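Here the structure is laid out as structure tokens; the discussion comes afterwards.
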Amino acid sequence: MTVWQVPVDLLARGRFVISPMTDTVAALRALHSPRRPWQHAWRRPHVDAYQRMLARRPAVRALLAASFEPRWTADFLTLAPPTSAPTFAEELAVVAERADEQIRADLRATRPGPLADVLCSDGLTEQAVYLLDWVWTHTVRPEWPQRERRLRADIVARTARLSTQGWVGVFNDLQRSVRWLGDGRLEVNAYPAPPLPLDRADQLVFVPAHCVRGWVVWDQPTRFGMVYPASGILADATPPLSGGLDRLIGANRAAILVRLATPLSTSQLAAVTGLSLGTVGDHLRVLLDAGVVAKRRSGREVLYWRTSLGAALAGAAPEPTTIGATSA
């Protein structure tokens, strides 16, 4: 397993960050090799244009083929966010600063052996920048407002967990491969590797994304981070309902209630349940009036979660949820 040795002051500075580039790489992964039904559905309207682009750009096609391995992704695709609130342009500029030979070194580290001839010519960095900009422009940017709202809702939920359970509770809920082992040791994946001390690092970030599995981001030796699947994005099936709940309050209201063990926004609930925003809003008003759901504004979003009565109705053990004070 891969373990990071995290100094206590670095952990104290750890924070959540929304990264447009990270979601762009997640979209590229879904375009390149979709794994879940929701990825296939998202990919469908984009795949023809994507394949035409690759047909016109053989260097981009070869670059893409060399960038992904089951246990590794080329480093130019996994750079840590440069600021606490980066724009896509800022993150793309970091990739553009890498020389052709550095991109080639990233590819060789991902897939040992000789590179395709087309990857040994000048202009490789330009091809990488073109690929990322194309994915952002054609697939992510048009839906970025909705994506960003979901990511912010996830961060609010994680922050609530941090306030009640500390970083251990946050780590153990990010994804299956991440665990806090104690003594400053954070297990980041199950792949064999020597421990990595982060004693020279000045940044540790946690980045939610529309992805199936997370990955490590870094710009060694100073910036490190973990990408993890945003909550609610990957739900392929409805959580189990308490016996008779759907008959008591209706299948759609029951589906909403059982998902509100952690705070979610209206748009996130719509994405998870497949219901329209208007339908979700109507059901939430009924649940609020019944006292089984509470709400709190966080920035531009309104988040909803189960009350103790709602948890009892859903057949779950009541667990108090604390939402920190935020600006309206």
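Note on naming: chains are A, B, ... as they come in the structure tokens, residues start from 1 per chain, ligands start from 1 in the order shown.
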
| helix (DSSP H, G or I) positions in segment 20-117 of chain A, given as a PyMOL selection string | chain A and resi 20-32+37-43+47-56+58-67+75-77+88-96+100-110+117

Mind writing the picked residues with C-alpha atoms as a PDB file, in the first residue's frame?
```pdb
ATOM      1  CA  PRO A  20     -11.985  22.691 -12.972  1.00  0.00           C
ATOM      2  CA  MET A  21      -8.963  20.844 -14.372  1.00  0.00           C
ATOM      3  CA  THR A  22      -9.580  17.832 -12.135  1.00  0.00           C
ATOM      4  CA  ASP A  23     -13.176  17.583 -13.338  1.00  0.00           C
ATOM      5  CA  THR A  24     -11.891  17.944 -16.897  1.00  0.00           C
ATOM      6  CA  VAL A  25      -9.532  15.002 -16.372  1.00  0.00           C
ATOM      7  CA  ALA A  26     -12.444  13.052 -14.863  1.00  0.00           C
ATOM      8  CA  ALA A  27     -14.464  13.839 -18.002  1.00  0.00           C
ATOM      9  CA  LEU A  28     -11.527  12.743 -20.173  1.00  0.00           C
ATOM     10  CA  ARG A  29     -11.421   9.436 -18.296  1.00  0.00           C
ATOM     11  CA  ALA A  30     -15.142   8.948 -18.950  1.00  0.00           C
ATOM     12  CA  LEU A  31     -14.689   9.748 -22.641  1.00  0.00           C
ATOM     13  CA  HIS A  32     -11.662   7.459 -22.930  1.00  0.00           C
ATOM     14  CA  PRO A  37     -23.780   3.379 -16.538  1.00  0.00           C
ATOM     15  CA  TRP A  38     -23.894   7.079 -15.624  1.00  0.00           C
ATOM     16  CA  GLN A  39     -20.580   7.621 -17.443  1.00  0.00           C
ATOM     17  CA  HIS A  40     -21.882   5.901 -20.581  1.00  0.00           C
ATOM     18  CA  ALA A  41     -25.011   8.071 -20.464  1.00  0.00           C
ATOM     19  CA  TRP A  42     -22.980  11.259 -20.012  1.00  0.00           C
ATOM     20  CA  ARG A  43     -20.530  10.270 -22.777  1.00  0.00           C
ATOM     21  CA  VAL A  47     -18.536  10.668 -28.209  1.00  0.00           C
ATOM     22  CA  ASP A  48     -18.926  11.352 -31.948  1.00  0.00           C
ATOM     23  CA  ALA A  49     -17.274  14.778 -31.758  1.00  0.00           C
ATOM     24  CA  TYR A  50     -14.594  13.341 -29.471  1.00  0.00           C
ATOM     25  CA  GLN A  51     -13.749  10.548 -31.895  1.00  0.00           C
ATOM     26  CA  ARG A  52     -13.671  12.976 -34.847  1.00  0.00           C
ATOM     27  CA  MET A  53     -11.221  15.138 -32.932  1.00  0.00           C
ATOM     28  CA  LEU A  54      -8.947  12.160 -32.261  1.00  0.00           C
ATOM     29  CA  ALA A  55      -9.128  11.121 -35.918  1.00  0.00           C
ATOM     30  CA  ARG A  56      -7.881  14.577 -36.927  1.00  0.00           C
ATOM     31  CA  PRO A  58      -3.052  11.303 -34.371  1.00  0.00           C
ATOM     32  CA  ALA A  59      -0.567  12.783 -31.892  1.00  0.00           C
ATOM     33  CA  VAL A  60      -3.403  13.437 -29.411  1.00  0.00           C
ATOM     34  CA  ARG A  61      -4.707   9.895 -29.909  1.00  0.00           C
ATOM     35  CA  ALA A  62      -1.235   8.455 -29.196  1.00  0.00           C
ATOM     36  CA  LEU A  63      -0.806  10.787 -26.214  1.00  0.00           C
ATOM     37  CA  LEU A  64      -4.099   9.643 -24.750  1.00  0.00           C
ATOM     38  CA  ALA A  65      -3.275   5.955 -25.256  1.00  0.00           C
ATOM     39  CA  ALA A  66       0.025   6.405 -23.398  1.00  0.00           C
ATOM     40  CA  SER A  67      -1.384   8.479 -20.520  1.00  0.00           C
ATOM     41  CA  ASP A  75       1.701  13.256 -14.092  1.00  0.00           C
ATOM     42  CA  PHE A  76       0.783  16.120 -16.430  1.00  0.00           C
ATOM     43  CA  LEU A  77      -2.853  15.052 -15.914  1.00  0.00           C
ATOM     44  CA  PHE A  88      -9.330  26.347 -15.664  1.00  0.00           C
ATOM     45  CA  ALA A  89      -7.071  28.829 -17.471  1.00  0.00           C
ATOM     46  CA  GLU A  90      -4.719  28.980 -14.482  1.00  0.00           C
ATOM     47  CA  GLU A  91      -4.515  25.204 -14.248  1.00  0.00           C
ATOM     48  CA  LEU A  92      -4.043  24.813 -17.999  1.00  0.00           C
ATOM     49  CA  ALA A  93      -1.175  27.320 -17.861  1.00  0.00           C
ATOM     50  CA  VAL A  94       0.630  25.033 -15.391  1.00  0.00           C
ATOM     51  CA  VAL A  95       0.429  22.171 -17.907  1.00  0.00           C
ATOM     52  CA  ALA A  96       1.581  24.502 -20.703  1.00  0.00           C
ATOM     53  CA  ASP A 100       7.999  18.475 -24.261  1.00  0.00           C
ATOM     54  CA  GLU A 101      10.643  16.296 -22.634  1.00  0.00           C
ATOM     55  CA  GLN A 102       8.886  16.516 -19.257  1.00  0.00           C
ATOM     56  CA  ILE A 103       5.634  15.317 -20.845  1.00  0.00           C
ATOM     57  CA  ARG A 104       7.578  12.449 -22.429  1.00  0.00           C
ATOM     58  CA  ALA A 105       9.104  11.611 -19.038  1.00  0.00           C
ATOM     59  CA  ASP A 106       5.586  11.574 -17.545  1.00  0.00           C
ATOM     60  CA  LEU A 107       4.474   9.130 -20.249  1.00  0.00           C
ATOM     61  CA  ARG A 108       7.499   6.852 -19.787  1.00  0.00           C
ATOM     62  CA  ALA A 109       6.829   6.707 -16.038  1.00  0.00           C
ATOM     63  CA  THR A 110       3.253   5.677 -16.790  1.00  0.00           C
ATOM     64  CA  ASP A 117       7.224   7.967 -32.993  1.00  0.00           C
TER      65      ASP A 117
END
```

Using DSSP on the backbone coordinates, identify the residues of segment 124-327 of chain A assigned to strand (DSSP E); present them as a compact mmCIF listing (two decimals) with all heavy atoms, in the first residue's frame.
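The result, stored in states29.txt:
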```txt
# COMPACT_ATOMS: atom_id res chain seq x y z
N ARG A 179 -7.29 5.60 4.10
CA ARG A 179 -7.49 5.36 5.54
C ARG A 179 -6.44 6.12 6.33
O ARG A 179 -5.29 6.23 5.91
CB ARG A 179 -7.37 3.88 5.89
CG ARG A 179 -8.48 2.98 5.40
CD ARG A 179 -8.31 1.59 5.98
NE ARG A 179 -7.01 1.03 5.64
CZ ARG A 179 -6.36 0.13 6.39
NH1 ARG A 179 -6.88 -0.28 7.53
NH2 ARG A 179 -5.19 -0.36 5.99
N TRP A 180 -6.84 6.63 7.49
CA TRP A 180 -5.89 7.21 8.43
C TRP A 180 -5.38 6.09 9.33
O TRP A 180 -6.15 5.43 10.02
CB TRP A 180 -6.54 8.30 9.25
CG TRP A 180 -5.61 8.97 10.21
CD1 TRP A 180 -5.55 8.82 11.56
CD2 TRP A 180 -4.57 9.91 9.86
NE1 TRP A 180 -4.56 9.60 12.09
CE2 TRP A 180 -3.93 10.28 11.07
CE3 TRP A 180 -4.12 10.46 8.67
CZ2 TRP A 180 -2.87 11.18 11.11
CZ3 TRP A 180 -3.07 11.35 8.70
CH2 TRP A 180 -2.45 11.71 9.90
N LEU A 181 -4.06 5.84 9.31
CA LEU A 181 -3.48 4.72 10.03
C LEU A 181 -2.93 5.11 11.39
O LEU A 181 -2.52 4.24 12.16
CB LEU A 181 -2.35 4.09 9.20
CG LEU A 181 -2.74 3.61 7.80
CD1 LEU A 181 -1.51 3.07 7.07
CD2 LEU A 181 -3.83 2.55 7.87
N GLY A 182 -2.93 6.40 11.70
CA GLY A 182 -2.36 6.87 12.95
C GLY A 182 -0.89 7.22 12.80
O GLY A 182 -0.23 6.89 11.80
N ARG A 185 0.26 8.80 9.51
CA ARG A 185 0.31 7.98 8.29
C ARG A 185 -1.07 7.95 7.62
O ARG A 185 -2.05 7.56 8.22
CB ARG A 185 0.76 6.56 8.60
CG ARG A 185 2.18 6.47 9.18
CD ARG A 185 2.52 5.04 9.56
NE ARG A 185 1.58 4.54 10.56
CZ ARG A 185 1.17 3.27 10.65
NH1 ARG A 185 1.61 2.38 9.75
NH2 ARG A 185 0.34 2.89 11.58
N LEU A 186 -1.09 8.37 6.35
CA LEU A 186 -2.30 8.36 5.56
C LEU A 186 -2.13 7.39 4.40
O LEU A 186 -1.28 7.58 3.53
CB LEU A 186 -2.59 9.77 5.01
CG LEU A 186 -3.80 9.90 4.07
CD1 LEU A 186 -5.10 9.53 4.80
CD2 LEU A 186 -3.89 11.32 3.50
N GLU A 187 -2.93 6.30 4.39
CA GLU A 187 -2.91 5.36 3.28
C GLU A 187 -3.74 5.93 2.14
O GLU A 187 -4.94 6.19 2.30
CB GLU A 187 -3.49 4.02 3.72
CG GLU A 187 -3.50 2.97 2.61
CD GLU A 187 -4.14 1.66 3.05
OE1 GLU A 187 -4.20 1.41 4.28
OE2 GLU A 187 -4.57 0.90 2.17
N VAL A 188 -3.12 6.14 0.97
CA VAL A 188 -3.80 6.79 -0.13
C VAL A 188 -4.26 5.82 -1.22
O VAL A 188 -5.12 6.14 -2.02
CB VAL A 188 -2.94 7.91 -0.75
CG1 VAL A 188 -2.66 8.99 0.28
CG2 VAL A 188 -1.63 7.36 -1.31
N ASN A 189 -3.67 4.64 -1.28
CA ASN A 189 -4.16 3.60 -2.17
C ASN A 189 -3.57 2.26 -1.75
O ASN A 189 -2.74 2.20 -0.82
CB ASN A 189 -3.85 3.90 -3.65
CG ASN A 189 -2.37 4.06 -3.94
OD1 ASN A 189 -1.55 3.22 -3.54
ND2 ASN A 189 -2.00 5.13 -4.63
N LEU A 196 6.03 7.68 1.67
CA LEU A 196 6.45 8.95 1.09
C LEU A 196 6.32 10.04 2.14
O LEU A 196 5.21 10.43 2.51
CB LEU A 196 5.59 9.28 -0.13
CG LEU A 196 5.90 10.61 -0.83
CD1 LEU A 196 7.32 10.61 -1.39
CD2 LEU A 196 4.89 10.86 -1.95
N PRO A 197 7.44 10.57 2.66
CA PRO A 197 7.36 11.66 3.64
C PRO A 197 7.00 12.98 2.95
O PRO A 197 7.56 13.32 1.91
CB PRO A 197 8.77 11.71 4.22
CG PRO A 197 9.65 11.10 3.19
CD PRO A 197 8.82 10.12 2.43
N GLN A 203 1.41 22.25 0.87
CA GLN A 203 0.00 22.22 0.49
C GLN A 203 -0.51 20.78 0.51
O GLN A 203 0.14 19.87 0.01
CB GLN A 203 -0.19 22.78 -0.92
CG GLN A 203 -1.60 22.64 -1.48
CD GLN A 203 -1.72 23.13 -2.91
OE1 GLN A 203 -1.49 24.30 -3.19
NE2 GLN A 203 -2.07 22.24 -3.83
N LEU A 204 -1.68 20.59 1.13
CA LEU A 204 -2.38 19.31 1.11
C LEU A 204 -3.85 19.60 0.86
O LEU A 204 -4.50 20.28 1.66
CB LEU A 204 -2.21 18.58 2.45
CG LEU A 204 -2.90 17.22 2.58
CD1 LEU A 204 -2.33 16.21 1.58
CD2 LEU A 204 -2.78 16.69 4.01
N VAL A 205 -4.36 19.13 -0.26
CA VAL A 205 -5.74 19.45 -0.64
C VAL A 205 -6.53 18.18 -0.93
O VAL A 205 -5.97 17.14 -1.26
CB VAL A 205 -5.78 20.37 -1.88
CG1 VAL A 205 -5.13 21.71 -1.57
CG2 VAL A 205 -5.12 19.72 -3.08
N PHE A 206 -7.85 18.31 -0.83
CA PHE A 206 -8.77 17.22 -1.11
C PHE A 206 -9.79 17.75 -2.11
O PHE A 206 -10.45 18.77 -1.86
CB PHE A 206 -9.41 16.72 0.17
CG PHE A 206 -8.38 16.27 1.17
CD1 PHE A 206 -7.92 17.14 2.15
CD2 PHE A 206 -7.83 15.01 1.09
CE1 PHE A 206 -6.93 16.75 3.03
CE2 PHE A 206 -6.85 14.61 1.97
CZ PHE A 206 -6.40 15.47 2.95
N VAL A 207 -9.90 17.07 -3.25
CA VAL A 207 -10.60 17.62 -4.41
C VAL A 207 -11.74 16.69 -4.81
O VAL A 207 -11.49 15.57 -5.29
CB VAL A 207 -9.63 17.79 -5.60
CG1 VAL A 207 -10.32 18.51 -6.75
CG2 VAL A 207 -8.36 18.54 -5.17
N PRO A 208 -13.00 17.09 -4.66
CA PRO A 208 -14.11 16.27 -5.15
C PRO A 208 -14.21 16.35 -6.66
O PRO A 208 -13.86 17.37 -7.27
CB PRO A 208 -15.34 16.90 -4.48
CG PRO A 208 -14.94 18.35 -4.32
CD PRO A 208 -13.46 18.35 -4.05
N ALA A 209 -14.68 15.28 -7.29
CA ALA A 209 -14.79 15.26 -8.75
C ALA A 209 -15.90 14.31 -9.17
O ALA A 209 -16.32 13.43 -8.41
CB ALA A 209 -13.47 14.84 -9.38
N TRP A 215 -7.85 9.62 -7.32
CA TRP A 215 -6.44 9.46 -7.63
C TRP A 215 -5.63 10.51 -6.87
O TRP A 215 -6.18 11.45 -6.30
CB TRP A 215 -6.19 9.55 -9.13
CG TRP A 215 -6.58 10.84 -9.80
CD1 TRP A 215 -5.81 11.97 -9.95
CD2 TRP A 215 -7.84 11.15 -10.41
NE1 TRP A 215 -6.51 12.94 -10.63
CE2 TRP A 215 -7.75 12.46 -10.92
CE3 TRP A 215 -9.03 10.42 -10.59
CZ2 TRP A 215 -8.81 13.08 -11.58
CZ3 TRP A 215 -10.08 11.04 -11.25
CH2 TRP A 215 -9.97 12.35 -11.74
N VAL A 216 -4.34 10.31 -6.86
CA VAL A 216 -3.42 11.24 -6.21
C VAL A 216 -3.09 12.37 -7.17
O VAL A 216 -2.91 12.16 -8.37
CB VAL A 216 -2.13 10.51 -5.78
CG1 VAL A 216 -1.06 11.50 -5.35
CG2 VAL A 216 -2.43 9.52 -4.67
N VAL A 217 -3.02 13.60 -6.66
CA VAL A 217 -2.48 14.73 -7.42
C VAL A 217 -1.28 15.28 -6.66
O VAL A 217 -1.24 15.26 -5.44
CB VAL A 217 -3.53 15.83 -7.65
CG1 VAL A 217 -4.63 15.36 -8.57
CG2 VAL A 217 -4.14 16.31 -6.33
N TRP A 218 -0.30 15.76 -7.41
CA TRP A 218 0.89 16.33 -6.76
C TRP A 218 1.70 17.15 -7.73
O TRP A 218 1.54 17.07 -8.94
CB TRP A 218 1.75 15.23 -6.13
CG TRP A 218 2.23 14.14 -7.06
CD1 TRP A 218 2.46 14.21 -8.40
CD2 TRP A 218 2.55 12.80 -6.67
NE1 TRP A 218 2.91 13.01 -8.89
CE2 TRP A 218 2.97 12.13 -7.84
CE3 TRP A 218 2.53 12.11 -5.48
CZ2 TRP A 218 3.36 10.78 -7.83
CZ3 TRP A 218 2.91 10.78 -5.48
CH2 TRP A 218 3.32 10.13 -6.63
N ASP A 219 2.55 17.96 -7.18
CA ASP A 219 3.62 18.65 -7.89
C ASP A 219 4.79 18.61 -6.92
O ASP A 219 5.01 19.54 -6.14
CB ASP A 219 3.22 20.08 -8.25
CG ASP A 219 4.17 20.71 -9.26
OD1 ASP A 219 5.19 20.05 -9.57
OD2 ASP A 219 3.92 21.84 -9.71
N ARG A 223 3.52 20.25 -3.30
CA ARG A 223 2.06 20.26 -3.34
C ARG A 223 1.53 18.84 -3.54
O ARG A 223 1.93 18.14 -4.47
CB ARG A 223 1.55 21.17 -4.46
CG ARG A 223 1.84 22.64 -4.20
CD ARG A 223 1.16 23.56 -5.22
NE ARG A 223 1.83 23.50 -6.50
CZ ARG A 223 1.22 23.27 -7.65
NH1 ARG A 223 -0.08 23.04 -7.68
NH2 ARG A 223 1.89 23.27 -8.78
N PHE A 224 0.60 18.44 -2.66
CA PHE A 224 0.02 17.10 -2.70
C PHE A 224 -1.49 17.19 -2.49
O PHE A 224 -2.00 18.13 -1.88
CB PHE A 224 0.62 16.21 -1.61
CG PHE A 224 2.07 15.88 -1.81
CD1 PHE A 224 3.07 16.77 -1.43
CD2 PHE A 224 2.44 14.68 -2.41
CE1 PHE A 224 4.40 16.46 -1.63
CE2 PHE A 224 3.77 14.37 -2.61
CZ PHE A 224 4.75 15.26 -2.23
N GLY A 225 -2.19 16.19 -2.99
CA GLY A 225 -3.63 16.17 -2.79
C GLY A 225 -4.23 14.83 -3.18
O GLY A 225 -3.57 13.97 -3.77
N MET A 226 -5.51 14.68 -2.83
CA MET A 226 -6.29 13.49 -3.16
C MET A 226 -7.56 13.92 -3.88
O MET A 226 -8.27 14.81 -3.43
CB MET A 226 -6.69 12.74 -1.89
CG MET A 226 -5.57 12.00 -1.19
SD MET A 226 -4.99 10.60 -2.15
CE MET A 226 -6.52 9.74 -2.50
N VAL A 227 -7.83 13.28 -5.02
CA VAL A 227 -9.11 13.42 -5.70
C VAL A 227 -10.01 12.29 -5.24
O VAL A 227 -9.57 11.14 -5.13
CB VAL A 227 -8.93 13.36 -7.23
CG1 VAL A 227 -10.29 13.43 -7.94
CG2 VAL A 227 -8.03 14.50 -7.70
N TYR A 228 -11.29 12.60 -4.98
CA TYR A 228 -12.21 11.58 -4.52
C TYR A 228 -13.57 11.78 -5.19
O TYR A 228 -13.90 12.89 -5.63
CB TYR A 228 -12.37 11.62 -2.99
CG TYR A 228 -13.01 12.90 -2.47
CD1 TYR A 228 -14.40 13.01 -2.34
CD2 TYR A 228 -12.24 14.01 -2.13
CE1 TYR A 228 -14.99 14.17 -1.87
CE2 TYR A 228 -12.82 15.18 -1.68
CZ TYR A 228 -14.18 15.25 -1.54
OH TYR A 228 -14.77 16.41 -1.10
N PRO A 229 -14.39 10.72 -5.31
CA PRO A 229 -15.71 10.85 -5.94
C PRO A 229 -16.64 11.70 -5.07
O PRO A 229 -16.82 11.43 -3.89
CB PRO A 229 -16.23 9.40 -6.02
CG PRO A 229 -15.01 8.54 -5.86
CD PRO A 229 -14.09 9.31 -4.97
N LEU A 264 -27.48 17.54 1.06
CA LEU A 264 -27.44 17.59 -0.40
C LEU A 264 -28.25 18.79 -0.88
O LEU A 264 -29.22 19.20 -0.23
CB LEU A 264 -28.02 16.31 -1.01
CG LEU A 264 -27.29 14.99 -0.71
CD1 LEU A 264 -28.07 13.82 -1.29
CD2 LEU A 264 -25.88 15.01 -1.27
N SER A 265 -27.86 19.32 -2.03
CA SER A 265 -28.61 20.41 -2.64
C SER A 265 -29.73 19.86 -3.51
O SER A 265 -29.77 18.67 -3.84
CB SER A 265 -27.68 21.27 -3.49
OG SER A 265 -27.24 20.54 -4.62
N VAL A 293 -37.23 16.79 7.42
CA VAL A 293 -36.08 17.35 6.72
C VAL A 293 -35.85 18.77 7.23
O VAL A 293 -36.80 19.50 7.53
CB VAL A 293 -36.32 17.36 5.19
CG1 VAL A 293 -35.31 18.25 4.46
CG2 VAL A 293 -36.22 15.94 4.63
N ALA A 294 -34.59 19.17 7.34
CA ALA A 294 -34.22 20.53 7.69
C ALA A 294 -33.40 21.11 6.55
O ALA A 294 -32.92 20.39 5.67
CB ALA A 294 -33.42 20.55 8.99
N LYS A 295 -33.20 22.44 6.56
CA LYS A 295 -32.44 23.06 5.50
C LYS A 295 -31.61 24.22 6.06
O LYS A 295 -31.92 24.77 7.13
CB LYS A 295 -33.34 23.56 4.38
CG LYS A 295 -34.22 24.76 4.76
CD LYS A 295 -35.04 25.23 3.55
CE LYS A 295 -35.88 26.45 3.91
NZ LYS A 295 -36.65 26.96 2.73
N ARG A 296 -30.57 24.59 5.32
CA ARG A 296 -29.71 25.72 5.66
C ARG A 296 -29.06 26.23 4.38
O ARG A 296 -28.62 25.43 3.55
CB ARG A 296 -28.63 25.29 6.66
CG ARG A 296 -27.55 26.33 6.95
CD ARG A 296 -28.03 27.39 7.90
NE ARG A 296 -28.41 26.84 9.20
CZ ARG A 296 -27.54 26.61 10.20
NH1 ARG A 296 -26.26 26.84 10.02
NH2 ARG A 296 -27.96 26.13 11.34
N ARG A 297 -29.02 27.55 4.22
CA ARG A 297 -28.36 28.12 3.06
C ARG A 297 -26.84 28.08 3.24
O ARG A 297 -26.33 28.34 4.33
CB ARG A 297 -28.81 29.56 2.82
CG ARG A 297 -28.10 30.25 1.65
CD ARG A 297 -28.74 31.57 1.30
NE ARG A 297 -30.07 31.39 0.74
CZ ARG A 297 -30.32 31.09 -0.52
NH1 ARG A 297 -29.30 30.92 -1.37
NH2 ARG A 297 -31.54 30.95 -0.95
N SER A 298 -26.14 27.74 2.17
CA SER A 298 -24.68 27.76 2.14
C SER A 298 -24.26 28.42 0.83
O SER A 298 -24.30 27.81 -0.23
CB SER A 298 -24.12 26.33 2.21
OG SER A 298 -22.71 26.35 2.05
N GLU A 301 -26.29 27.97 -2.52
CA GLU A 301 -27.06 26.74 -2.45
C GLU A 301 -27.86 26.66 -1.16
O GLU A 301 -27.48 27.25 -0.14
CB GLU A 301 -26.12 25.52 -2.52
CG GLU A 301 -25.52 25.28 -3.88
CD GLU A 301 -26.54 24.72 -4.86
OE1 GLU A 301 -27.56 24.18 -4.41
OE2 GLU A 301 -26.29 24.81 -6.07
N VAL A 302 -28.96 25.93 -1.22
CA VAL A 302 -29.69 25.52 -0.02
C VAL A 302 -29.51 24.03 0.13
O VAL A 302 -29.77 23.26 -0.81
CB VAL A 302 -31.19 25.88 -0.12
CG1 VAL A 302 -31.94 25.36 1.10
CG2 VAL A 302 -31.37 27.39 -0.24
N LEU A 303 -29.01 23.61 1.28
CA LEU A 303 -28.75 22.20 1.54
C LEU A 303 -29.82 21.63 2.46
O LEU A 303 -30.31 22.30 3.37
CB LEU A 303 -27.36 22.02 2.18
CG LEU A 303 -26.18 22.50 1.33
CD1 LEU A 303 -24.89 22.29 2.08
CD2 LEU A 303 -26.16 21.81 -0.01
N TYR A 304 -30.16 20.36 2.22
CA TYR A 304 -31.19 19.67 2.98
C TYR A 304 -30.60 18.42 3.62
O TYR A 304 -29.71 17.78 3.05
CB TYR A 304 -32.35 19.26 2.05
CG TYR A 304 -33.04 20.43 1.38
CD1 TYR A 304 -32.52 20.98 0.22
CD2 TYR A 304 -34.20 20.97 1.92
CE1 TYR A 304 -33.15 22.06 -0.41
CE2 TYR A 304 -34.84 22.03 1.30
CZ TYR A 304 -34.30 22.58 0.14
OH TYR A 304 -34.92 23.65 -0.47
N TRP A 305 -31.11 18.07 4.80
CA TRP A 305 -30.67 16.84 5.45
C TRP A 305 -31.78 16.34 6.37
O TRP A 305 -32.71 17.07 6.70
CB TRP A 305 -29.37 17.05 6.23
CG TRP A 305 -29.49 17.96 7.42
CD1 TRP A 305 -29.72 17.60 8.71
CD2 TRP A 305 -29.39 19.39 7.41
NE1 TRP A 305 -29.76 18.71 9.52
CE2 TRP A 305 -29.56 19.82 8.75
CE3 TRP A 305 -29.18 20.34 6.42
CZ2 TRP A 305 -29.51 21.17 9.10
CZ3 TRP A 305 -29.13 21.67 6.76
CH2 TRP A 305 -29.30 22.07 8.09
N ARG A 306 -31.68 15.07 6.76
CA ARG A 306 -32.71 14.46 7.60
C ARG A 306 -32.61 14.96 9.03
O ARG A 306 -31.52 15.11 9.58
CB ARG A 306 -32.55 12.94 7.63
CG ARG A 306 -32.92 12.25 6.34
CD ARG A 306 -33.11 10.75 6.53
NE ARG A 306 -31.99 10.08 7.16
CZ ARG A 306 -31.36 9.04 6.64
NH1 ARG A 306 -31.73 8.56 5.47
NH2 ARG A 306 -30.38 8.47 7.29
```

| task | For atom CA of Leu79 of chain A and atom CA of Gln220 of chain A, determine how far apart the two atoms are, in Å to one decimal place. | result | 9.1 Å

| field | Of the listed residues A:Val292, A:Ala261, A:Leu269, A:Val140, that which approaches Ile249 of chain A most closely, counting only C-alpha atoms | value |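 Distance minimum relative to Ile249 of chain A lands on A:Val292.
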
| request: For atom CA of Arg150 of chain A and atom CA of Gln268 of chain A, determine how far apart the two atoms are, in Å to one decimal place. | output: 5.5 Å

| request: Mind giving me the straight-line distance from atom CA of Arg13 of chain A to atom CA of Asp202 of chain A in Å, one decimal? | output: 8.4 Å
